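**Student:** Sharing entry04.cif here; it has mmCIF, C-alpha atoms.
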data_my_file
#
loop_
_atom_site.label_atom_id
_atom_site.label_comp_id
_atom_site.auth_asym_id
_atom_site.auth_seq_id
_atom_site.Cartn_x
_atom_site.Cartn_y
_atom_site.Cartn_z
CA MET A 1 -66.62 44.35 -56.27
CA VAL A 2 -66.71 44.66 -52.46
CA ARG A 3 -67.15 41.18 -51.03
CA SER A 4 -69.82 40.62 -48.43
CA ARG A 5 -68.80 39.26 -45.05
CA GLY A 6 -71.44 36.56 -45.24
CA THR A 7 -74.61 35.55 -47.00
CA GLY A 8 -76.67 37.53 -44.50
CA ASN A 9 -74.66 40.70 -45.02
CA SER A 10 -77.00 43.68 -45.38
CA ALA A 11 -76.80 46.54 -47.84
CA VAL A 12 -75.92 48.85 -44.94
CA GLU A 13 -72.95 46.68 -43.98
CA ARG A 14 -71.78 46.39 -47.58
CA ILE A 15 -71.77 50.16 -48.04
CA GLN A 16 -69.89 50.55 -44.75
CA ASP A 17 -67.36 47.99 -45.99
CA LEU A 18 -66.95 49.96 -49.21
CA ILE A 19 -66.23 53.16 -47.28
CA LEU A 20 -63.54 51.32 -45.31
CA VAL A 21 -62.02 49.54 -48.32
CA GLU A 22 -61.86 52.78 -50.32
CA GLY A 23 -60.37 54.69 -47.38
CA LEU A 24 -63.04 57.38 -47.61
CA VAL A 25 -63.16 60.06 -44.92
CA PRO A 26 -65.79 62.62 -43.86
CA GLY A 27 -66.62 64.94 -46.73
CA ASP A 28 -65.49 62.57 -49.50
CA PRO A 29 -68.06 61.92 -52.26
CA MET A 30 -69.77 58.55 -52.27
CA PRO A 31 -70.12 56.47 -55.46
CA THR A 32 -73.34 57.09 -57.35
CA GLU A 33 -76.41 54.97 -56.75
CA SER A 34 -75.85 53.11 -60.02
CA ALA A 35 -72.21 52.44 -59.17
CA LEU A 36 -73.18 51.08 -55.75
CA CYS A 37 -75.75 48.75 -57.30
CA GLU A 38 -73.16 47.39 -59.71
CA ARG A 39 -70.24 47.13 -57.30
CA LEU A 40 -72.21 45.65 -54.40
CA ALA A 41 -74.56 43.50 -56.46
CA ILE A 42 -77.65 44.85 -54.73
CA SER A 43 -80.85 46.43 -56.00
CA ARG A 44 -81.50 50.15 -56.34
CA SER A 45 -84.23 49.98 -53.68
CA SER A 46 -81.79 48.30 -51.27
CA VAL A 47 -79.23 51.05 -51.87
CA ARG A 48 -81.79 53.76 -51.23
CA GLU A 49 -83.03 52.17 -48.03
CA ALA A 50 -79.47 51.62 -46.81
CA MET A 51 -78.56 55.23 -47.55
CA ARG A 52 -81.53 56.46 -45.50
CA THR A 53 -80.35 54.34 -42.59
CA LEU A 54 -76.74 55.51 -42.92
CA ALA A 55 -77.84 59.14 -43.18
CA SER A 56 -79.77 58.80 -39.90
CA LEU A 57 -76.51 57.61 -38.30
CA ASP A 58 -74.47 60.48 -39.81
CA ILE A 59 -72.36 57.94 -41.71
CA VAL A 60 -73.40 59.49 -45.00
CA GLU A 61 -74.74 62.94 -45.79
CA VAL A 62 -77.14 63.63 -48.64
CA ARG A 63 -76.67 67.11 -50.11
CA HIS A 64 -79.59 67.71 -52.42
CA GLY A 65 -78.44 68.84 -55.83
CA HIS A 66 -74.83 67.86 -55.09
CA GLY A 67 -74.79 64.15 -54.28
CA THR A 68 -74.03 61.94 -51.31
CA PHE A 69 -70.89 62.25 -49.18
CA VAL A 70 -69.33 60.50 -46.25
CA GLY A 71 -70.88 62.03 -43.13
CA GLN A 72 -69.18 63.59 -40.13
CA LEU A 73 -69.60 60.37 -38.12
CA SER A 74 -70.72 62.29 -35.05
CA LEU A 75 -72.17 60.56 -32.00
CA SER A 76 -75.26 62.78 -31.83
CA PRO A 77 -77.58 60.02 -33.14
CA LEU A 78 -76.38 57.73 -30.36
CA VAL A 79 -77.00 60.31 -27.66
CA ASP A 80 -80.38 61.28 -29.12
CA GLY A 81 -81.37 57.63 -28.91
CA LEU A 82 -80.14 57.33 -25.33
CA LEU A 83 -82.07 60.41 -24.26
CA PHE A 84 -85.23 59.24 -26.01
CA ARG A 85 -84.93 55.85 -24.35
CA ALA A 86 -84.57 57.49 -20.93
CA ARG A 87 -87.66 59.61 -21.58
CA LEU A 88 -89.60 56.63 -22.91
CA ASP A 89 -88.89 54.56 -19.79
CA ASP A 90 -90.97 56.73 -17.47
CA GLY A 91 -91.63 60.01 -19.24
CA ASN A 92 -89.40 61.83 -16.77
CA ASP A 93 -87.67 64.42 -18.95
CA LEU A 94 -86.03 66.07 -15.94
CA ARG A 95 -84.37 62.84 -14.86
CA ALA A 96 -83.18 62.21 -18.40
CA LEU A 97 -81.58 65.66 -18.57
CA ARG A 98 -80.01 65.17 -15.13
CA GLU A 99 -78.45 61.92 -16.37
CA VAL A 100 -76.98 63.75 -19.38
CA VAL A 101 -75.57 66.43 -17.06
CA GLU A 102 -74.05 63.74 -14.84
CA LEU A 103 -72.34 62.23 -17.87
CA ARG A 104 -70.98 65.63 -18.89
CA ILE A 105 -69.55 66.12 -15.40
CA ALA A 106 -67.95 62.67 -15.48
CA LEU A 107 -66.30 63.42 -18.83
CA ASP A 108 -65.01 66.82 -17.66
CA LEU A 109 -63.53 65.26 -14.53
CA SER A 110 -62.02 62.26 -16.32
CA VAL A 111 -59.63 64.42 -18.36
CA ALA A 112 -58.38 66.64 -15.53
CA ASP A 113 -54.83 65.29 -15.52
CA GLN A 114 -54.57 65.32 -19.33
CA LEU A 115 -55.75 68.92 -19.53
CA VAL A 116 -53.38 70.02 -16.77
CA GLY A 117 -50.53 68.40 -18.68
CA PHE A 118 -51.29 70.51 -21.72
CA TYR A 119 -52.34 73.85 -20.22
CA ARG A 120 -49.86 74.14 -17.34
CA ASP A 121 -47.81 77.39 -17.63
CA THR A 122 -49.64 78.52 -20.78
CA THR A 123 -51.77 81.57 -21.62
CA ASN A 124 -54.93 81.16 -23.65
CA PRO A 125 -56.36 84.42 -24.99
CA GLU A 126 -59.00 82.59 -27.05
CA LEU A 127 -60.45 80.91 -23.97
CA GLU A 128 -60.15 84.12 -21.93
CA GLY A 129 -62.05 85.95 -24.66
CA LEU A 130 -64.85 83.37 -24.58
CA VAL A 131 -65.16 83.76 -20.80
CA GLU A 132 -65.44 87.54 -21.18
CA GLN A 133 -68.04 87.06 -23.90
CA MET A 134 -70.08 84.87 -21.54
CA ARG A 135 -69.70 87.44 -18.77
CA ALA A 136 -70.93 90.30 -20.96
CA LEU A 137 -73.96 88.33 -22.12
CA ALA A 138 -74.81 87.11 -18.61
CA SER A 139 -74.54 90.65 -17.23
CA ASP A 140 -77.18 91.70 -19.77
CA GLY A 141 -79.40 88.81 -18.70
CA ARG A 142 -78.83 86.96 -21.95
CA PRO A 143 -77.96 83.26 -22.40
CA PHE A 144 -74.59 82.30 -23.87
CA PRO A 145 -74.85 78.75 -25.30
CA ASP A 146 -72.64 79.46 -28.32
CA ALA A 147 -69.77 80.89 -26.28
CA ASP A 148 -70.17 78.11 -23.71
CA ALA A 149 -70.01 75.42 -26.41
CA ALA A 150 -67.00 77.11 -28.04
CA PHE A 151 -65.19 77.21 -24.69
CA HIS A 152 -65.60 73.49 -24.03
CA THR A 153 -64.78 72.55 -27.63
CA ALA A 154 -61.59 74.61 -27.55
CA LEU A 155 -60.67 73.31 -24.08
CA PHE A 156 -60.92 69.68 -25.23
CA SER A 157 -59.44 70.26 -28.69
CA HIS A 158 -55.93 69.24 -27.59
CA LEU A 159 -56.95 65.85 -26.20
CA ASP A 160 -55.57 62.89 -28.12
CA ASN A 161 -58.74 60.83 -27.64
CA GLY A 162 -60.95 61.80 -30.56
CA LEU A 163 -63.82 59.62 -29.37
CA LEU A 164 -63.87 61.40 -26.03
CA ARG A 165 -64.01 64.77 -27.80
CA GLN A 166 -66.94 63.55 -29.88
CA LEU A 167 -68.77 62.24 -26.81
CA ALA A 168 -68.33 65.55 -25.01
CA GLN A 169 -69.67 67.44 -28.03
CA ALA A 170 -72.60 65.05 -28.48
CA PHE A 171 -73.68 65.32 -24.84
CA TRP A 172 -73.39 69.08 -25.02
CA GLU A 173 -75.65 69.16 -28.09
CA ILE A 174 -78.38 67.06 -26.51
CA HIS A 175 -78.10 69.12 -23.34
CA THR A 176 -78.69 72.37 -25.23
CA VAL A 177 -81.65 70.84 -27.07
CA ALA A 178 -83.27 69.44 -23.92
CA VAL A 179 -83.11 72.57 -21.77
CA PRO A 180 -85.37 74.74 -24.00
CA LEU A 181 -87.81 71.84 -24.51
CA LEU A 182 -88.28 71.58 -20.76
CA GLU A 183 -88.90 75.35 -20.54
CA LEU A 184 -86.63 75.62 -17.53
CA PRO A 185 -86.23 79.12 -16.08
CA PRO A 186 -82.76 80.65 -16.41
CA ALA A 187 -80.51 80.22 -13.42
CA GLU A 188 -80.55 83.32 -11.22
CA ASP A 189 -76.90 82.73 -10.34
CA ILE A 190 -75.74 82.32 -13.94
CA LEU A 191 -72.74 84.58 -13.29
CA ASP A 192 -71.48 81.82 -10.99
CA THR A 193 -71.27 79.60 -14.08
CA VAL A 194 -69.16 82.24 -15.83
CA ASP A 195 -66.86 82.47 -12.80
CA ALA A 196 -66.56 78.67 -12.84
CA HIS A 197 -65.37 78.74 -16.46
CA GLN A 198 -62.69 81.23 -15.48
CA ALA A 199 -61.76 79.11 -12.46
CA MET A 200 -61.42 76.02 -14.67
CA LEU A 201 -59.05 77.83 -17.01
CA THR A 202 -57.06 79.45 -14.18
CA ALA A 203 -56.62 76.09 -12.45
CA LEU A 204 -55.42 74.39 -15.63
CA GLU A 205 -52.90 77.12 -16.39
CA ALA A 206 -51.64 76.84 -12.81
CA GLY A 207 -51.33 73.06 -13.14
CA ASP A 208 -53.82 72.44 -10.31
CA ALA A 209 -55.95 69.42 -11.19
CA GLU A 210 -57.88 69.46 -7.90
CA ALA A 211 -58.86 73.12 -8.34
CA TYR A 212 -60.01 72.29 -11.87
CA ARG A 213 -62.23 69.49 -10.52
CA GLN A 214 -63.75 71.82 -7.95
CA ALA A 215 -64.44 74.38 -10.68
CA VAL A 216 -66.13 71.72 -12.83
CA HIS A 217 -68.57 70.96 -9.99
CA ALA A 218 -69.16 74.69 -9.49
CA HIS A 219 -69.85 75.03 -13.22
CA TYR A 220 -72.87 72.74 -13.02
CA LEU A 221 -74.27 73.92 -9.66
CA PRO A 222 -76.60 76.63 -11.08
CA LEU A 223 -78.14 74.18 -13.53
CA GLY A 224 -78.42 71.59 -10.75
CA ARG A 225 -80.35 74.06 -8.62
CA VAL A 226 -82.70 74.82 -11.52
CA LEU A 227 -83.31 71.10 -12.04
CA ASP A 228 -83.96 70.60 -8.32
CA ALA A 229 -86.48 73.46 -8.27
CA ALA A 230 -88.22 72.14 -11.38
CA ALA A 231 -88.41 68.65 -9.87
CA ARG A 232 -89.95 70.04 -6.67
CA ALA A 233 -92.50 72.03 -8.67
CA GLN A 234 -93.30 68.97 -10.75
CA GLY A 235 -93.77 66.87 -7.61
CA ALA A 236 -96.00 69.49 -5.99
CA ALA A 237 -98.16 69.67 -9.11
CA ALA A 238 -98.52 65.90 -9.16
CA GLU A 239 -99.52 65.83 -5.46
CA ALA A 240 -102.05 68.59 -6.05
CA ALA A 241 -103.56 66.69 -8.95
CA VAL A 242 -103.94 63.56 -6.81
CA ALA A 243 -105.47 65.50 -3.92
CA GLU A 244 -107.94 67.34 -6.16
CA PRO A 245 -111.45 65.94 -5.66
CA ALA A 246 -112.99 64.14 -8.63
#
Could you write out this file's structure as C-alpha cells?
**Tutor:**
Amino acid sequence: MVRSRGTGNSAVERIQDLILVEGLVPGDPMPTESALCERLAISRSSVREAMRTLASLDIVEVRHGHGTFVGQLSLSPLVDGLLFRARLDDGNDLRALREVVELRIALDLSVADQLVGFYRDTTNPELEGLVEQMRALASDGRPFPDADAAFHTALFSHLDNGLLRQLAQAFWEIHTVAVPLLELPPAEDILDTVDAHQAMLTALEAGDAEAYRQAVHAHYLPLGRVLDAAARAQGAAAEAAVAEPA
C-alpha cells in the first residue's frame, strides 16, 4: 500500500505518489479503479473525483474503452489557466495575448547561446524545408500554423532543458488558440515572418547569436502590428460608444 504523507493527504496526492513510487511514465497504464481503492485505502468515489482532477492537469489520460494511462504531463493546463486569469482580470483579451507573445519572445531570446552552440556550422534540411513550406503557403495567402509550430519544435528539440521545451510548446498552443478567437485579421506583411524564420536559422548556423536575437524580434513584428491596430480599433470603438448620445 502507498503510504500517505499525512492525515490530510488527498486522493489526488496519493495517486500522484503511486505514479512516482511505481516509476510510471507517460503512456503507461494506470492501475484499475478497484486496485487504486484497495492500494490507497480510499473510496471509489474519491478515486473517480481524483482522476477527473488529474485528467484536467494532463497527469492522467482516460481513453474510453481502453483504460486510464499516465498523461503527457504537458504544461498546457497551466498556460490555459494563466490566460484565463489575465482575461478575467479586465476582460482585455488583446492584452492577454500580447503578454503571451512577450513570454514567447523572452523564451526564444533566452536560449540564443545554447542554440548557437548546437547549430553552429551545421546544415538543417528539415528546418529549411519547413521555411519553404511556410513561404509557399504565405505566397498563396494561406496561414501556416502547422509548419510554424513544427519549425519551433524542431529548433528547440536539441535543448537539454525539457521544462523549457514544454513551456515553449505550451505558450505556442495558447497563442494559436487565442488568435482565431480574437478574429484578428492576417498580417499583410506575413512574408516578413517567413523571412525572419530563415534569418533565425541562418544566424544560428553561422554562430551569430546577436543576429538570431534580431531575427526573433523581426519574427514577431507582423503580429505586433496586428495587435496594435486591433487595440487602436478597440479604443476608437469604445470612445465612439461613450460619445454616442443616450
**Student:** First collect every listed atom of range 113-129 of chain A; then fit an axis-aligned box around them, widen it by 6 Å on each side, and give centre and edge lengths in Å to one decimal, as AutoDock Vina command-line options.
**Tutor:**
--center_x -54.9 --center_y 75.6 --center_z -21.3 --size_x 26.2 --size_y 32.7 --size_z 23.5
**Student:** List the neighbours of Val111 in chain A out to 12 Å using only C-alpha atoms; skip same-chain residues closer than 2 positions along the sequence, and give me the result as a list in words.
**Tutor:**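 After dropping sequence-adjacent residues, the list is Arg104, Ile105, Ala106, Leu107, Asp108, Leu109, Asp113, Gln114, Leu115, Val116, Gly117, Phe118, Leu155, Phe156, Ser157, His158, Leu159, Asp160, Asn161, Leu164, Arg165, Ala168, Leu204, Ala209, Glu210, Tyr212, Arg213 and Val216 of chain A.
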**Student:** What's the separation between CA of Val25 in chain A and CA of Val70 in chain A, in Å to one decimal place?
**Tutor:**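 Computed distance, CA of Val25 in chain A to CA of Val70 in chain A, equals 6.3 Å.
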**Student:** Point out the residue among A:Ala206, A:Val12, A:Ala149, A:Ala112 with the least atom-to-atom distance to Arg48 in chain A, counting all atoms listed in the file.
**Tutor:** A:Val12
**Student:** Can you pull out the residues contacting range 31-39 of chain A? Cut-off 10 Å, using all atoms listed in the file, and skip same-chain residues under 5 positions away; I want them as an mmCIF file with C-alpha atoms, keeping the file's coordinate frame.
**Tutor:**
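The resulting file, result-v7.cif, is shown below:
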data_model
loop_
_atom_site.group_PDB
_atom_site.id
_atom_site.type_symbol
_atom_site.label_atom_id
_atom_site.label_comp_id
_atom_site.auth_asym_id
_atom_site.auth_seq_id
_atom_site.Cartn_x
_atom_site.Cartn_y
_atom_site.Cartn_z
ATOM 1 C CA MET A 1 -66.620 44.350 -56.270
ATOM 2 C CA VAL A 2 -66.710 44.660 -52.460
ATOM 3 C CA ARG A 3 -67.150 41.180 -51.030
ATOM 4 C CA ALA A 11 -76.800 46.540 -47.840
ATOM 5 C CA ARG A 14 -71.780 46.390 -47.580
ATOM 6 C CA ILE A 15 -71.770 50.160 -48.040
ATOM 7 C CA LEU A 18 -66.950 49.960 -49.210
ATOM 8 C CA ILE A 19 -66.230 53.160 -47.280
ATOM 9 C CA ARG A 44 -81.500 50.150 -56.340
ATOM 10 C CA SER A 45 -84.230 49.980 -53.680
ATOM 11 C CA SER A 46 -81.790 48.300 -51.270
ATOM 12 C CA VAL A 47 -79.230 51.050 -51.870
ATOM 13 C CA ARG A 48 -81.790 53.760 -51.230
ATOM 14 C CA MET A 51 -78.560 55.230 -47.550
ATOM 15 C CA GLY A 67 -74.790 64.150 -54.280
ATOM 16 C CA THR A 68 -74.030 61.940 -51.310
ATOM 17 C CA PHE A 69 -70.890 62.250 -49.180
#
**Student:** Step by step: start from the point (-51.6, 78.5, -19.7) in the file's coordinates, keep every protein, DNA or RNA residue that has an atom no farther than 12 Å from it, count only C-alpha atoms, and write the set as a PDB file with C-alpha atoms, keeping the file's coordinate frame.
**Tutor:**
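Heads up, here's the output in part.pdb:
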ATOM      1  CA  LEU A 115     -55.750  68.920 -19.530  1.00  0.00           C
ATOM      2  CA  VAL A 116     -53.380  70.020 -16.770  1.00  0.00           C
ATOM      3  CA  GLY A 117     -50.530  68.400 -18.680  1.00  0.00           C
ATOM      4  CA  PHE A 118     -51.290  70.510 -21.720  1.00  0.00           C
ATOM      5  CA  TYR A 119     -52.340  73.850 -20.220  1.00  0.00           C
ATOM      6  CA  ARG A 120     -49.860  74.140 -17.340  1.00  0.00           C
ATOM      7  CA  ASP A 121     -47.810  77.390 -17.630  1.00  0.00           C
ATOM      8  CA  THR A 122     -49.640  78.520 -20.780  1.00  0.00           C
ATOM      9  CA  THR A 123     -51.770  81.570 -21.620  1.00  0.00           C
ATOM     10  CA  ASN A 124     -54.930  81.160 -23.650  1.00  0.00           C
ATOM     11  CA  PRO A 125     -56.360  84.420 -24.990  1.00  0.00           C
ATOM     12  CA  GLU A 126     -59.000  82.590 -27.050  1.00  0.00           C
ATOM     13  CA  LEU A 127     -60.450  80.910 -23.970  1.00  0.00           C
ATOM     14  CA  GLU A 128     -60.150  84.120 -21.930  1.00  0.00           C
ATOM     15  CA  LEU A 155     -60.670  73.310 -24.080  1.00  0.00           C
ATOM     16  CA  MET A 200     -61.420  76.020 -14.670  1.00  0.00           C
ATOM     17  CA  LEU A 201     -59.050  77.830 -17.010  1.00  0.00           C
ATOM     18  CA  THR A 202     -57.060  79.450 -14.180  1.00  0.00           C
ATOM     19  CA  ALA A 203     -56.620  76.090 -12.450  1.00  0.00           C
ATOM     20  CA  LEU A 204     -55.420  74.390 -15.630  1.00  0.00           C
ATOM     21  CA  GLU A 205     -52.900  77.120 -16.390  1.00  0.00           C
ATOM     22  CA  ALA A 206     -51.640  76.840 -12.810  1.00  0.00           C
ATOM     23  CA  GLY A 207     -51.330  73.060 -13.140  1.00  0.00           C
ATOM     24  CA  ASP A 208     -53.820  72.440 -10.310  1.00  0.00           C
TER      25      ASP A 208
END
**Student:** To one decimal in Å, tell me the separation between CA of Pro77 in chain A and CA of Leu57 in chain A.
**Tutor:**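 If I compute the distance from CA of Pro77 in chain A to CA of Leu57 in chain A, I get 5.8 Å.
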**Student:** What is the CA of Arg95 in chain A to CA of Arg135 in chain A distance in Å?
**Tutor:** 28.9 Å
**Student:** Determine, counting all atoms listed in the file, every residue of protein, DNA or RNA that lies within 10 Å of (-69.4, 56.3, -33.5) in the file coordinates, then give the result as a PyMOL selection string.
**Tutor:** chain A and resi 57-59+72-78+163+166-167
**Student:** For His66 in chain A, which residue among A:Met134, A:Ala150, A:Ala236, A:Met30 is the nearest when counting only C-alpha atoms?
**Tutor:**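 Checking each candidate against His66 in chain A, we get A:Met30 as the closest.
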**Student:** I'd like the contact shell of range 223-227 of chain A - 7 Å cut-off, all atoms listed in the file, skipping same-chain residues fewer than 3 positions apart - returned as a list of chain:residue names.
**Tutor:**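 Returned residues: A:Leu94, A:Ala187, A:Tyr220, A:Ala230, A:Ala231.
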**Student:** Translate the PyMOL selection byres ((chain A and resi 222) around 12) into a concrete residue list for this structure, as JSON, numbers by chain.
**Tutor:** {"A": [101, 184, 185, 186, 187, 188, 189, 190, 191, 192, 193, 194, 195, 196, 216, 217, 218, 219, 220, 221, 223, 224, 225, 226, 227, 228, 229]}
**Student:** Applying 8 Å and only C-alpha atoms, which residues near Val131 in chain A remain after dropping the ones on its own chain fewer than 5 positions away? List them as a ChimeraX atom specification.
**Tutor:** /A:147,151,194,197-198
**Student:** Since the input is missing atoms for range 205-231 of chain A, could you rebuild it with N, CA and C atoms and give the result as a compact mmCIF listing (two decimals), in the coordinates of the input?
**Tutor:**
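Resulting contents of result_29.txt:
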# COMPACT_ATOMS: atom_id res chain seq x y z
N GLU A 205 -54.14 76.39 -16.10
CA GLU A 205 -52.90 77.12 -16.39
C GLU A 205 -51.94 77.08 -15.21
N ALA A 206 -52.49 76.93 -14.00
CA ALA A 206 -51.64 76.84 -12.81
C ALA A 206 -51.18 75.40 -12.55
N GLY A 207 -51.71 74.45 -13.33
CA GLY A 207 -51.33 73.06 -13.14
C GLY A 207 -51.97 72.42 -11.93
N ASP A 208 -53.14 72.91 -11.53
CA ASP A 208 -53.82 72.44 -10.31
C ASP A 208 -55.04 71.61 -10.70
N ALA A 209 -54.87 70.30 -10.77
CA ALA A 209 -55.95 69.42 -11.19
C ALA A 209 -57.11 69.42 -10.20
N GLU A 210 -56.81 69.49 -8.91
CA GLU A 210 -57.88 69.46 -7.90
C GLU A 210 -58.72 70.73 -7.98
N ALA A 211 -58.09 71.88 -8.19
CA ALA A 211 -58.86 73.12 -8.34
C ALA A 211 -59.72 73.07 -9.59
N TYR A 212 -59.21 72.45 -10.64
CA TYR A 212 -60.01 72.29 -11.87
C TYR A 212 -61.25 71.45 -11.57
N ARG A 213 -61.08 70.35 -10.84
CA ARG A 213 -62.23 69.49 -10.52
C ARG A 213 -63.28 70.25 -9.71
N GLN A 214 -62.81 71.03 -8.75
CA GLN A 214 -63.75 71.82 -7.95
C GLN A 214 -64.50 72.82 -8.83
N ALA A 215 -63.80 73.42 -9.78
CA ALA A 215 -64.44 74.38 -10.68
C ALA A 215 -65.45 73.70 -11.59
N VAL A 216 -65.18 72.47 -12.00
CA VAL A 216 -66.13 71.72 -12.83
C VAL A 216 -67.45 71.54 -12.06
N HIS A 217 -67.35 71.12 -10.80
CA HIS A 217 -68.57 70.96 -9.99
C HIS A 217 -69.29 72.29 -9.84
N ALA A 218 -68.55 73.37 -9.63
CA ALA A 218 -69.16 74.69 -9.49
C ALA A 218 -69.85 75.11 -10.79
N HIS A 219 -69.29 74.70 -11.91
CA HIS A 219 -69.85 75.03 -13.22
C HIS A 219 -71.28 74.53 -13.37
N TYR A 220 -71.56 73.35 -12.83
CA TYR A 220 -72.87 72.74 -13.02
C TYR A 220 -73.84 73.02 -11.87
N LEU A 221 -73.40 73.68 -10.80
CA LEU A 221 -74.27 73.92 -9.66
C LEU A 221 -75.51 74.75 -10.00
N PRO A 222 -75.38 75.87 -10.76
CA PRO A 222 -76.60 76.63 -11.08
C PRO A 222 -77.64 75.80 -11.83
N LEU A 223 -77.20 75.03 -12.81
CA LEU A 223 -78.14 74.18 -13.53
C LEU A 223 -78.74 73.12 -12.59
N GLY A 224 -77.92 72.57 -11.70
CA GLY A 224 -78.42 71.59 -10.75
C GLY A 224 -79.52 72.17 -9.87
N ARG A 225 -79.33 73.43 -9.45
CA ARG A 225 -80.35 74.06 -8.62
C ARG A 225 -81.64 74.28 -9.40
N VAL A 226 -81.51 74.65 -10.68
CA VAL A 226 -82.70 74.82 -11.52
C VAL A 226 -83.44 73.49 -11.68
N LEU A 227 -82.70 72.41 -11.91
CA LEU A 227 -83.31 71.10 -12.04
C LEU A 227 -84.00 70.66 -10.74
N ASP A 228 -83.37 70.95 -9.61
CA ASP A 228 -83.96 70.60 -8.32
C ASP A 228 -85.27 71.36 -8.12
N ALA A 229 -85.26 72.65 -8.44
CA ALA A 229 -86.48 73.46 -8.27
C ALA A 229 -87.59 72.97 -9.19
N ALA A 230 -87.21 72.63 -10.43
CA ALA A 230 -88.22 72.14 -11.38
C ALA A 230 -88.79 70.81 -10.92
N ALA A 231 -87.94 69.95 -10.36
CA ALA A 231 -88.41 68.65 -9.87
C ALA A 231 -89.37 68.84 -8.70
